[in-house]
file data.txt (compact mmCIF, C-alpha atoms and all ligand atoms)
# COMPACT_ATOMS: atom_id res chain seq x y z
CA MET I 1 94.31 102.37 102.22
CA ALA I 2 96.62 102.63 99.23
CA GLY I 3 95.20 104.74 96.44
CA GLN I 4 92.71 106.57 98.67
CA PRO I 5 93.24 110.26 99.38
CA ILE I 6 94.59 111.07 102.84
CA ASP I 7 92.22 112.81 105.20
CA TYR I 8 94.86 115.10 106.76
CA TRP I 9 92.43 116.52 109.30
CA LYS I 10 91.48 113.18 110.79
CA SER I 11 94.07 113.57 113.58
CA GLU I 12 94.33 116.31 116.16
CA GLN I 13 98.00 116.58 115.23
CA LEU I 14 99.85 114.87 112.41
CA VAL I 15 103.65 114.91 112.41
CA LEU I 16 105.92 113.78 109.61
CA CYS I 17 109.46 112.97 110.77
CA HIS I 18 112.22 112.81 108.23
CA ASP I 19 116.00 112.50 108.48
CA ASP I 20 117.92 111.04 105.57
CA GLY I 21 121.08 111.04 107.70
CA VAL I 22 119.77 108.07 109.69
CA GLY I 23 117.26 106.74 107.12
CA LEU I 24 114.21 107.84 109.10
CA ARG I 25 110.76 108.32 107.65
CA ALA I 26 108.06 108.22 110.27
CA VAL I 27 104.57 109.49 111.04
CA ILE I 28 103.15 110.38 114.45
CA ALA I 29 99.36 110.61 114.44
CA ILE I 30 97.94 112.09 117.63
CA ASN I 31 94.27 111.34 117.24
CA ASP I 32 92.68 112.86 120.34
CA THR I 33 94.05 114.24 123.63
CA THR I 34 90.74 115.03 125.33
CA LEU I 35 91.46 112.54 128.13
CA GLY I 36 95.24 112.99 128.31
CA PRO I 37 98.42 112.54 126.28
CA GLY I 38 98.09 110.21 123.30
CA LEU I 39 99.35 106.76 124.29
CA GLY I 40 100.07 104.26 121.53
CA GLY I 41 102.76 102.04 120.08
CA VAL I 42 105.36 102.55 117.40
CA ARG I 43 104.90 100.23 114.43
CA CYS I 44 107.94 99.61 112.26
CA VAL I 45 106.98 97.76 109.08
CA ARG I 46 107.26 98.22 105.32
CA TYR I 47 104.58 100.28 103.58
CA PRO I 48 103.83 100.35 99.88
CA SER I 49 103.80 104.17 99.93
CA ASP I 50 104.18 107.17 102.24
CA SER I 51 100.45 107.79 102.03
CA ALA I 52 99.77 104.20 103.17
CA ALA I 53 101.99 104.86 106.21
CA ILE I 54 100.16 108.10 107.05
CA THR I 55 96.74 106.49 106.66
CA GLU I 56 97.74 103.55 108.84
CA ALA I 57 99.13 105.80 111.60
CA GLN I 58 95.89 107.79 111.63
CA ARG I 59 93.67 104.73 111.66
CA LEU I 60 95.67 103.06 114.46
CA GLY I 61 95.74 106.32 116.43
CA ALA I 62 91.94 106.51 116.28
CA ALA I 63 91.72 102.90 117.52
CA MET I 64 93.92 103.85 120.49
CA THR I 65 91.49 106.64 121.40
CA LEU I 66 88.72 104.03 121.57
CA LYS I 67 90.87 101.57 123.55
CA ASN I 68 92.19 104.02 126.14
CA ALA I 69 88.87 105.80 126.67
CA PHE I 70 86.83 102.60 126.93
CA ALA I 71 89.30 101.21 129.48
CA GLY I 72 88.77 104.34 131.59
CA LEU I 73 92.41 105.43 131.28
CA PRO I 74 93.61 109.04 131.48
CA TYR I 75 95.12 108.93 128.00
CA GLY I 76 94.15 109.99 124.56
CA GLY I 77 94.88 107.99 121.44
CA ALA I 78 97.91 108.16 119.18
CA LYS I 79 100.12 105.86 117.17
CA SER I 80 103.25 106.21 115.10
CA VAL I 81 104.70 104.27 112.24
CA ILE I 82 108.30 104.12 111.13
CA GLU I 83 108.79 103.01 107.55
CA ALA I 84 111.00 99.94 108.09
CA PRO I 85 114.51 100.74 106.90
CA GLY I 86 116.83 98.44 104.97
CA PRO I 87 119.49 96.33 106.72
CA GLU I 88 122.16 98.98 106.04
CA VAL I 89 120.56 101.41 108.48
CA ASP I 90 121.94 101.84 112.03
CA ARG I 91 118.81 100.92 114.03
CA GLU I 92 120.11 102.46 117.24
CA ALA I 93 120.70 105.84 115.60
CA LEU I 94 117.29 105.66 113.93
CA MET I 95 115.42 104.91 117.16
CA ARG I 96 117.27 107.64 119.06
CA ARG I 97 116.48 110.13 116.29
CA PHE I 98 112.84 109.12 116.36
CA GLY I 99 112.94 109.72 120.13
CA GLU I 100 114.00 113.31 119.42
CA PHE I 101 110.93 113.79 117.25
CA VAL I 102 108.78 112.36 120.04
CA ILE I 103 110.24 114.99 122.42
CA ARG I 104 109.08 117.71 120.01
CA THR I 105 105.46 116.69 120.59
CA GLY I 106 105.90 118.21 124.05
CA GLY I 107 104.44 115.22 125.88
CA ALA I 108 101.35 114.96 123.67
CA TYR I 109 102.56 111.54 122.43
CA ILE I 110 103.79 108.67 124.62
CA PRO I 111 105.12 105.82 122.48
CA GLY I 112 105.10 102.10 123.30
CA VAL I 113 105.87 98.78 121.66
CA ASP I 114 103.99 97.60 118.59
CA MET I 115 104.60 95.34 115.62
CA GLY I 116 108.26 95.60 114.57
CA THR I 117 109.53 97.39 117.68
CA SER I 118 110.88 96.02 120.94
CA VAL I 119 111.42 97.02 124.55
CA ALA I 120 115.06 97.78 123.55
CA ASP I 121 113.91 100.21 120.80
CA LEU I 122 111.75 102.07 123.30
CA GLN I 123 114.70 102.29 125.67
CA LEU I 124 116.74 103.93 122.88
CA MET I 125 114.01 106.56 122.49
CA ALA I 126 114.05 107.05 126.27
CA ASP I 127 117.86 107.41 126.14
CA ALA I 128 117.36 110.25 123.66
CA GLY I 129 115.22 111.97 126.31
CA ALA I 130 111.69 111.00 125.22
CA GLU I 131 108.99 110.01 127.65
CA VAL I 132 108.05 106.47 126.62
CA SER I 133 106.23 103.37 127.86
CA CYS I 134 107.16 99.68 127.49
CA ASN I 135 110.91 100.35 127.82
CA GLN I 136 111.21 98.06 130.82
CA GLU I 137 108.54 95.39 130.59
CA ASP I 138 106.66 93.61 127.86
CA PRO I 139 102.93 94.19 128.45
CA SER I 140 101.92 90.96 126.61
CA PRO I 141 101.22 88.82 129.71
CA TRP I 142 98.69 91.41 130.88
CA THR I 143 97.14 91.66 127.44
CA ALA I 144 96.59 87.90 127.68
CA VAL I 145 94.96 88.20 131.13
CA GLY I 146 92.53 90.76 129.68
CA VAL I 147 91.70 88.69 126.60
CA ALA I 148 91.06 85.67 128.83
CA ALA I 149 88.66 87.75 130.96
CA ALA I 150 86.80 88.83 127.81
CA VAL I 151 86.63 85.24 126.51
CA ARG I 152 85.15 84.03 129.82
CA ALA I 153 82.62 86.87 129.84
CA ALA I 154 81.57 86.17 126.25
CA ILE I 155 81.09 82.44 126.84
CA GLU I 156 79.15 83.02 130.06
CA HIS I 157 76.94 85.63 128.39
CA VAL I 158 76.24 83.74 125.17
CA ASP I 159 75.72 80.33 126.76
CA GLN I 160 74.16 81.66 129.98
CA ARG I 161 76.48 79.51 132.05
CA GLU I 162 79.17 79.87 134.66
CA GLY I 163 82.76 79.00 133.81
CA ILE I 164 84.29 77.85 130.56
CA ASP I 165 84.92 74.16 131.26
CA GLY I 166 84.92 72.25 127.99
CA ALA I 167 84.53 75.31 125.74
CA ARG I 168 86.57 75.02 122.54
CA VAL I 169 88.78 78.06 122.01
CA LEU I 170 90.79 78.31 118.81
CA ILE I 171 93.72 80.69 119.22
CA GLN I 172 95.25 82.04 116.04
CA GLY I 173 98.89 82.84 116.84
CA ALA I 174 100.90 81.12 119.58
CA GLY I 175 103.13 84.14 120.23
CA HIS I 176 103.54 86.30 123.32
CA VAL I 177 99.82 86.82 123.89
CA GLY I 178 98.43 83.64 122.31
CA ALA I 179 100.61 81.23 124.31
CA ALA I 180 99.84 82.93 127.63
CA LEU I 181 96.14 83.01 126.76
CA ALA I 182 96.20 79.28 125.97
CA ARG I 183 97.71 78.49 129.39
CA ASP I 184 95.24 80.74 131.23
CA LEU I 185 92.10 79.33 129.55
CA ALA I 186 93.31 75.72 129.68
CA ALA I 187 93.76 76.10 133.45
CA ASP I 188 90.02 76.90 133.59
CA GLY I 189 89.13 73.76 131.64
CA ALA I 190 88.83 75.13 128.09
CA GLN I 191 89.80 72.87 125.19
CA ILE I 192 92.52 74.73 123.34
CA ILE I 193 93.13 74.56 119.60
CA LEU I 194 96.18 76.44 118.30
CA ALA I 195 97.20 77.59 114.85
CA ASP I 196 100.37 79.42 113.86
CA ILE I 197 102.29 79.88 110.63
CA ASN I 198 105.11 78.55 112.79
CA ALA I 199 103.55 75.08 113.08
CA ALA I 200 106.19 73.87 115.54
CA ARG I 201 105.34 76.72 117.94
CA ALA I 202 101.61 75.90 117.75
CA ALA I 203 102.32 72.20 118.35
CA MET I 204 104.57 72.95 121.31
CA VAL I 205 102.08 75.20 123.09
CA ALA I 206 99.21 72.80 122.26
CA ALA I 207 101.13 69.91 123.84
CA GLU I 208 101.87 72.01 126.91
CA VAL I 209 98.19 72.81 127.53
CA GLY I 210 96.77 69.44 126.52
CA GLY I 211 95.19 70.87 123.37
CA ARG I 212 95.70 70.26 119.66
CA ALA I 213 97.09 72.19 116.75
CA VAL I 214 95.56 72.83 113.33
CA ALA I 215 97.10 74.24 110.16
CA ALA I 216 97.23 78.04 109.92
CA ASP I 217 94.95 78.02 106.87
CA GLU I 218 92.26 76.05 108.74
CA VAL I 219 91.64 78.75 111.35
CA LEU I 220 88.40 80.05 109.90
CA THR I 221 86.84 76.73 109.06
CA THR I 222 87.69 74.68 112.17
CA PRO I 223 84.58 74.33 114.33
CA CYS I 224 85.02 75.98 117.75
CA ASP I 225 83.05 78.02 120.27
CA VAL I 226 85.45 80.98 120.34
CA LEU I 227 87.87 82.08 117.67
CA SER I 228 90.57 84.23 119.21
CA PRO I 229 92.67 86.14 116.65
CA CYS I 230 96.06 86.76 118.28
CA SER I 231 98.30 87.27 115.26
CA VAL I 232 97.57 89.37 112.19
CA ALA I 233 95.07 92.17 111.54
CA LYS I 234 91.95 92.05 109.36
CA VAL I 235 91.24 88.35 109.73
CA ILE I 236 87.55 89.12 109.40
CA THR I 237 86.47 90.56 106.04
CA PRO I 238 83.15 90.52 104.20
CA GLN I 239 84.60 87.59 102.25
CA THR I 240 85.72 85.52 105.29
CA VAL I 241 82.59 85.97 107.45
CA PRO I 242 80.57 83.30 105.56
CA ALA I 243 83.37 80.73 106.14
CA LEU I 244 83.56 81.17 109.92
CA ALA I 245 82.85 78.09 112.04
CA CYS I 246 82.87 79.82 115.45
CA ARG I 247 80.08 81.27 117.61
CA MET I 248 82.13 84.01 119.28
CA LEU I 249 85.06 86.14 118.24
CA VAL I 250 87.28 87.53 121.00
CA GLY I 251 90.98 88.20 120.55
CA ALA I 252 94.10 90.29 121.01
CA ALA I 253 94.81 91.39 117.44
CA ASN I 254 94.17 95.03 116.69
CA ASP I 255 91.97 95.70 113.67
CA THR I 256 90.36 92.29 113.63
CA LEU I 257 87.63 93.56 111.30
CA SER I 258 88.69 94.83 107.87
CA ASP I 259 85.94 97.44 108.18
CA GLU I 260 82.97 98.22 110.40
CA SER I 261 80.45 96.57 108.08
CA CYS I 262 81.81 93.20 109.26
CA ALA I 263 80.24 93.80 112.68
CA GLU I 264 76.76 93.69 111.09
CA LEU I 265 77.67 90.66 108.99
CA LEU I 266 78.88 88.79 112.08
CA ALA I 267 75.70 89.68 113.96
CA SER I 268 73.56 88.48 111.05
CA ARG I 269 75.36 85.11 111.27
CA GLY I 270 74.72 84.97 115.02
CA ILE I 271 78.43 85.33 115.84
CA THR I 272 79.10 87.43 118.95
CA TYR I 273 81.98 89.83 118.39
CA VAL I 274 83.73 91.48 121.33
CA PRO I 275 85.39 94.61 119.90
CA ASP I 276 89.16 94.17 119.93
CA PHE I 277 89.71 97.50 121.65
CA ILE I 278 87.81 96.15 124.67
CA SER I 279 89.44 92.71 124.89
CA ASN I 280 93.06 93.70 124.19
CA ALA I 281 93.32 96.65 126.60
CA GLY I 282 95.29 94.71 129.26
CA GLY I 283 98.58 96.00 127.84
CA VAL I 284 97.65 99.67 128.11
CA ILE I 285 96.16 99.12 131.56
CA HIS I 286 99.53 97.62 132.54
CA ILE I 287 101.34 100.67 131.14
CA HIS I 288 99.11 102.97 133.16
CA SER I 289 99.63 100.91 136.28
CA LEU I 290 103.42 101.23 135.99
CA ARG I 291 103.18 104.98 135.44
CA ALA I 292 100.75 105.41 138.33
CA GLY I 293 102.74 103.15 140.69
CA HIS I 294 99.91 100.66 141.32
CA ASP I 295 100.78 97.32 142.89
CA GLU I 296 100.16 94.00 141.14
CA GLN I 297 96.95 93.30 143.03
CA ARG I 298 95.43 96.57 141.82
CA LEU I 299 96.73 95.96 138.29
CA ARG I 300 95.18 92.49 138.16
CA ALA I 301 91.83 93.82 139.38
CA ASP I 302 91.93 96.60 136.76
CA VAL I 303 92.76 94.19 133.93
CA LEU I 304 90.10 91.68 135.02
CA ARG I 305 87.55 94.49 134.82
CA ILE I 306 87.75 93.95 131.05
CA GLY I 307 85.49 90.96 131.79
CA SER I 308 82.75 93.04 133.40
CA ARG I 309 83.00 95.69 130.68
CA THR I 310 82.64 92.96 128.05
CA ARG I 311 79.58 91.58 129.83
CA GLU I 312 77.96 95.04 130.05
CA VAL I 313 78.46 95.74 126.36
CA LEU I 314 77.13 92.34 125.30
CA GLU I 315 74.10 92.73 127.56
CA SER I 316 73.38 96.24 126.25
CA ALA I 317 73.72 95.10 122.66
CA SER I 318 71.53 92.04 123.07
CA GLY I 319 68.68 94.23 124.28
CA THR I 320 68.80 96.32 121.08
CA ALA I 321 69.38 96.01 117.37
CA GLN I 322 72.87 97.46 117.85
CA THR I 323 76.07 95.46 117.53
CA PRO I 324 78.52 95.33 120.46
CA LEU I 325 80.87 97.45 118.33
CA ALA I 326 78.22 100.16 117.91
CA VAL I 327 77.40 100.10 121.64
CA ALA I 328 81.05 100.40 122.68
CA THR I 329 81.86 103.09 120.11
CA GLU I 330 78.86 105.14 121.22
CA ARG I 331 79.99 104.79 124.85
CA VAL I 332 83.41 106.24 123.96
CA ARG I 333 81.75 109.07 122.02
CA ARG I 334 79.84 109.96 125.19
CA ILE I 335 82.92 109.71 127.43
CA LEU I 336 84.77 112.13 125.14
CA ALA I 337 81.81 114.51 124.81
CA ASP I 338 81.38 114.65 128.60
CA ALA I 339 85.10 115.31 129.09
CA ARG I 340 85.03 118.10 126.49
CA ASP I 341 81.95 119.65 128.15
CA ALA I 342 83.66 119.50 131.55
CA ALA I 343 86.81 121.10 130.13
CA ALA I 344 84.78 123.83 128.41
CA GLY I 345 82.90 124.46 131.69
CA ALA I 346 86.19 124.73 133.60
CA ARG I 347 87.57 127.14 130.97
CA SER I 348 84.53 129.42 131.09
CA SER I 349 84.42 129.52 134.90
CA GLY I 350 88.18 130.26 134.87
CA ALA I 351 87.58 133.09 132.40
CA ALA I 352 84.75 134.47 134.58
CA ARG I 353 87.01 134.35 137.65
CA ARG I 354 89.83 136.17 135.84
CA GLU I 355 87.36 138.78 134.59
CA GLY I 356 86.17 139.26 138.19
CA GLU I 357 89.76 139.66 139.39
CA ARG I 358 90.45 142.25 136.68
CA SER I 359 87.38 144.27 137.79
CA LEU I 360 88.56 144.19 141.40
CA THR I 361 92.04 145.34 140.35
CA ALA I 362 90.44 148.19 138.40
CA VAL I 363 88.50 149.27 141.47
N1 LIG A 1 101.57 92.19 122.88
C1 LIG A 1 100.63 92.99 123.37
O1 LIG A 1 100.66 93.40 124.54
C2 LIG A 1 99.48 93.37 122.49
C3 LIG A 1 98.58 94.36 122.91
C4 LIG A 1 97.50 94.69 122.09
C5 LIG A 1 97.34 94.04 120.88
N2 LIG A 1 98.25 93.09 120.48
C6 LIG A 1 98.08 92.42 119.19
O2 LIG A 1 97.94 91.02 119.42
C7 LIG A 1 98.52 90.29 118.36
C8 LIG A 1 99.54 89.30 118.92
O3 LIG A 1 100.55 90.00 119.62
P1 LIG A 1 101.85 89.23 120.15
O4 LIG A 1 102.58 90.20 120.98
O5 LIG A 1 101.46 87.92 120.71
O6 LIG A 1 102.62 88.98 118.79
P2 LIG A 1 103.76 87.89 118.51
O7 LIG A 1 104.55 88.39 117.36
O8 LIG A 1 104.47 87.49 119.76
O9 LIG A 1 102.93 86.59 118.06
C9 LIG A 1 102.22 86.54 116.86
C10 LIG A 1 102.18 85.06 116.44
O10 LIG A 1 101.33 84.97 115.31
C11 LIG A 1 101.93 84.10 114.36
N3 LIG A 1 101.36 84.41 113.06
C12 LIG A 1 101.71 85.40 112.20
N4 LIG A 1 100.92 85.35 111.11
C13 LIG A 1 100.05 84.34 111.29
C14 LIG A 1 98.98 83.80 110.54
N5 LIG A 1 98.65 84.30 109.36
N6 LIG A 1 98.30 82.74 111.04
C15 LIG A 1 98.63 82.20 112.25
N7 LIG A 1 99.64 82.67 113.00
C16 LIG A 1 100.33 83.72 112.54
C17 LIG A 1 103.42 84.35 114.50
O11 LIG A 1 104.17 83.26 114.01
C18 LIG A 1 103.56 84.52 116.02
O12 LIG A 1 103.78 83.27 116.67
C19 LIG A 1 99.11 91.33 117.41
O13 LIG A 1 98.16 91.61 116.41
C20 LIG A 1 99.27 92.56 118.28
O14 LIG A 1 99.18 93.77 117.54
C21 LIG A 1 99.29 92.73 121.26
call {"tool": "encode", "arguments": {"input": "data.txt", "output": "structure tokens"}}
result
Amino acid sequence: MAGQPIDYWKSEQLVLCHDDGVGLRAVIAINDTTLGPGLGGVRCVRYPSDSAAITEAQRLGAAMTLKNAFAGLPYGGAKSVIEAPGPEVDREALMRRFGEFVIRTGGAYIPGVDMGTSVADLQLMADAGAEVSCNQEDPSPWTAVGVAAAVRAAIEHVDQREGIDGARVLIQGAGHVGAALARDLAADGAQIILADINAARAAMVAAEVGGRAVAADEVLTTPCDVLSPCSVAKVITPQTVPALACRMLVGAANDTLSDESCAELLASRGITYVPDFISNAGGVIHIHSLRAGHDEQRLRADVLRIGSRTREVLESASGTAQTPLAVATERVRRILADARDAAAGARSSGAARREGERSLTAV
């Protein structure tokens, strides 16, 4: 956050990339590589200061650690931000140059698409020789499949019912993910309400799925069963929680909560929150599937597993005083601790074996 001191040691590795020749100022924050190389998108937006860019990269990198680990993927968490250049900058040269900085991480960072970057930008990084994801296919359709699975699981858990027929789902953002989500849930009988700052887009998708559109500034106060943030970050703040007219909150947007205290506030209002890093993992599962060479049937099954993971977390949380966010975060902490223990065990048995071999050589 602007004005707050940077915690430089929050990331496993923090890389500042700078080249005035192409107008590049970027940050790569590799948060944790316990489970594998850090996988996370490249955000290219304007920041009020360099420190705001560094803080954002670190925060987003940490969120990717949660997302990848909770989804059971063999990746750590990382994210990068490029400070959006002016129109005079040659974007191709900038993206290629950034790709060269990615190469220098030695495979510890695998970039993908995020706000302000496209499949074409990732291809430019790949052209420069970097290992990247998302340079061939947009993962959004799979993100939508995962969010839909989480929405179904939340409704079935909260209302103790099967199916989502008639449930009112308000989708904020009728973009790549939001529009696909609307179609998916409408096909299962949900009543779709759409809101977008591009009102024409919301109206078009609403008409397509037999739903209705509301104004973008009515998102929080429109009564619905599920509010699904699929546009901007930090929709839920301590100030907006009291205004909410939903019973569940399940979406695609990263960083839905402005801070963790919102999870408690939501719980105290009886609103069930599915942590965003659970519901929006379909995109990273898709990336893994492409890298691992899985077929579409396997990919679909893996993405739909977001539904069962959602159900498990909600069931665990409802049996305790913990929020779903606390339950899921604790689960990731355990996954990482177990992986570190296993790695330490493998290192010490390797050291013992080498010591044994040295003794034999000496004999
Ligand atoms: N695309 C993915 O695979 C993916 C994966 C994980 C997370 N996410 C997150 O999901 C969200 C949506 O992603 P996307 O790819 O659909 O983005 P997108 O840019 O295609 O769509 C976003 C939509 O939100 C609208 N919008 C912007 N501000 C708004 C506001 N204040 N109120 C209402 N509508 C607003 C835009 O007009 C646009 O139609 C983003 O936060 C993204 O970071 C996306």
call {"tool": "closest_atom_pairs", "arguments": {"input": "data.txt", "of": "chain I", "to": "ligand LIG 1 (chain A)", "cutoff": "7 Å", "atoms": "all atoms listed in the file", "output": "CSV"}}
result
residue,atom,partner,partner_atom,distance
I:Asp114,CA,A:LIG1,O14,6.2
I:Met115,CA,A:LIG1,O14,6.0
I:Asp138,CA,A:LIG1,O1,6.9
I:Pro139,CA,A:LIG1,O1,4.6
I:Ser140,CA,A:LIG1,O1,3.4
I:Pro141,CA,A:LIG1,O1,6.9
I:Trp142,CA,A:LIG1,O1,6.9
I:Thr143,CA,A:LIG1,O1,4.9
I:Gln172,CA,A:LIG1,C15,5.1
I:Gly173,CA,A:LIG1,O10,3.6
I:Ala174,CA,A:LIG1,O12,4.6
I:Gly175,CA,A:LIG1,O9,3.3
I:His176,CA,A:LIG1,O5,3.7
I:Val177,CA,A:LIG1,O5,3.7
I:Gly178,CA,A:LIG1,O5,5.5
I:Ala195,CA,A:LIG1,C15,5.5
I:Asp196,CA,A:LIG1,N7,3.4
I:Ile197,CA,A:LIG1,N7,4.5
I:Asn198,CA,A:LIG1,O11,5.0
I:Arg201,CA,A:LIG1,O12,6.9
I:Ala216,CA,A:LIG1,N6,4.9
I:Cys230,CA,A:LIG1,C7,4.3
I:Ser231,CA,A:LIG1,O10,3.8
I:Val232,CA,A:LIG1,O13,4.8
I:Ala233,CA,A:LIG1,O13,5.8
I:Ala252,CA,A:LIG1,O2,4.2
I:Ala253,CA,A:LIG1,O13,3.5
I:Asn254,CA,A:LIG1,O14,5.2
I:Asn280,CA,A:LIG1,C4,5.0
I:Ala281,CA,A:LIG1,C4,6.5
I:Gly283,CA,A:LIG1,O1,4.7
call {"tool": "closest_residue", "arguments": {"input": "data.txt", "among": "I:Val205, I:Ile164, I:Leu60, I:Val145", "to": "Asp184 (chain I)", "atoms": "all atoms listed in the file"}}
result
I:Val145
call {"tool": "closest_residue", "arguments": {"input": "data.txt", "among": "I:Ser268, I:Asp255, I:Pro74, I:Arg291", "to": "Gln136 (chain I)", "atoms": "only C-alpha atoms"}}
result
I:Arg291
call {"tool": "residues_around", "arguments": {"input": "data.txt", "residues": "region 89-100 of chain I", "least_positions_apart": "6", "cutoff": "12 Å", "atoms": "only C-alpha atoms", "output": "VMD selection string"}}
result
chain I and resid 15 to 28 42 to 44 80 to 83 106 to 107 109 to 112 116 to 132
call {"tool": "atom_distance", "arguments": {"input": "data.txt", "atom1": "CA of Val214 (chain I)", "atom2": "CA of Tyr273 (chain I)"}}
result
22.3 Å
call {"tool": "closest_atom_pairs", "arguments": {"input": "data.txt", "of": "region 37-150 of chain I", "to": "region 326-335 of chain I", "cutoff": "7 Å", "atoms": "only C-alpha atoms", "output": "Markdown table"}}
result
| residue | atom | partner | partner_atom | distance |
| --- | --- | --- | --- | --- |
| I:Leu66 | CA | I:Val332 | CA | 6.2 |
| I:Ala69 | CA | I:Val332 | CA | 6.1 |
| I:Phe70 | CA | I:Val332 | CA | 5.8 |
call {"tool": "write_last_selection", "arguments": {"input": "data.txt", "atoms": "C-alpha atoms", "output": "JSON list (two decimals), in the frame of the given file"}}
result
[["chain", "number", "residue", "atom", "x", "y", "z"],
["I", 66, "LEU", "CA", 88.72, 104.03, 121.57],
["I", 69, "ALA", "CA", 88.87, 105.80, 126.67],
["I", 70, "PHE", "CA", 86.83, 102.60, 126.93]]
call {"tool": "closest_residue", "arguments": {"input": "data.txt", "among": "I:Ala53, I:Ala179, I:Ala186, I:Ala150", "to": "Arg309 (chain I)", "atoms": "all atoms listed in the file"}}
result
I:Ala150
call {"tool": "residues_around", "arguments": {"input": "data.txt", "residues": "Pro37 (chain I)", "least_positions_apart": "5", "cutoff": "6 Å", "atoms": "all atoms listed in the file", "output": "number ranges by chain"}}
result
I: 75-76, 108-109
call {"tool": "atom_distance", "arguments": {"input": "data.txt", "atom1": "CA of Leu14 (chain I)", "atom2": "CA of Ala29 (chain I)"}}
result
4.7 Å
call {"tool": "atom_distance", "arguments": {"input": "data.txt", "atom1": "CA of Pro242 (chain I)", "atom2": "CA of Ser316 (chain I)"}}
result
25.4 Å
call {"tool": "residues_around", "arguments": {"input": "data.txt", "residues": "Ala243 (chain I)", "least_positions_apart": "4", "cutoff": "12 Å", "atoms": "only C-alpha atoms", "output": "list in words"}}
result
Asp217, Glu218, Val219, Leu220, Thr221, Thr222, Pro223, Val235, Ile236, Thr237, Pro238, Gln239, Arg247, Leu265, Leu266, Arg269 and Ile271 of chain I
call {"tool": "closest_residue", "arguments": {"input": "data.txt", "among": "I:Ile103, I:Val113, I:Ala342, I:Ala190", "to": "Gly166 (chain I)", "atoms": "all atoms listed in the file"}}
result
I:Ala190
call {"tool": "residues_around", "arguments": {"input": "data.txt", "residues": "Gly77 (chain I)", "least_positions_apart": "5", "cutoff": "9 Å", "atoms": "all atoms listed in the file", "output": "PyMOL selection string"}}
result
chain I and resi 29-33+35-40+60-69+109
call {"tool": "residues_around", "arguments": {"input": "data.txt", "residues": "Cys246 (chain I)", "least_positions_apart": "4", "cutoff": "6 Å", "atoms": "only C-alpha atoms", "output": "mmCIF file with C-alpha atoms, in the frame of the given file"}}
result
data_model
loop_
_atom_site.group_PDB
_atom_site.id
_atom_site.type_symbol
_atom_site.label_atom_id
_atom_site.label_comp_id
_atom_site.auth_asym_id
_atom_site.auth_seq_id
_atom_site.Cartn_x
_atom_site.Cartn_y
_atom_site.Cartn_z
ATOM 1 C CA PRO I 223 84.580 74.330 114.330
ATOM 2 C CA CYS I 224 85.020 75.980 117.750
ATOM 3 C CA ASP I 225 83.050 78.020 120.270
ATOM 4 C CA VAL I 226 85.450 80.980 120.340
ATOM 5 C CA LEU I 227 87.870 82.080 117.670
#
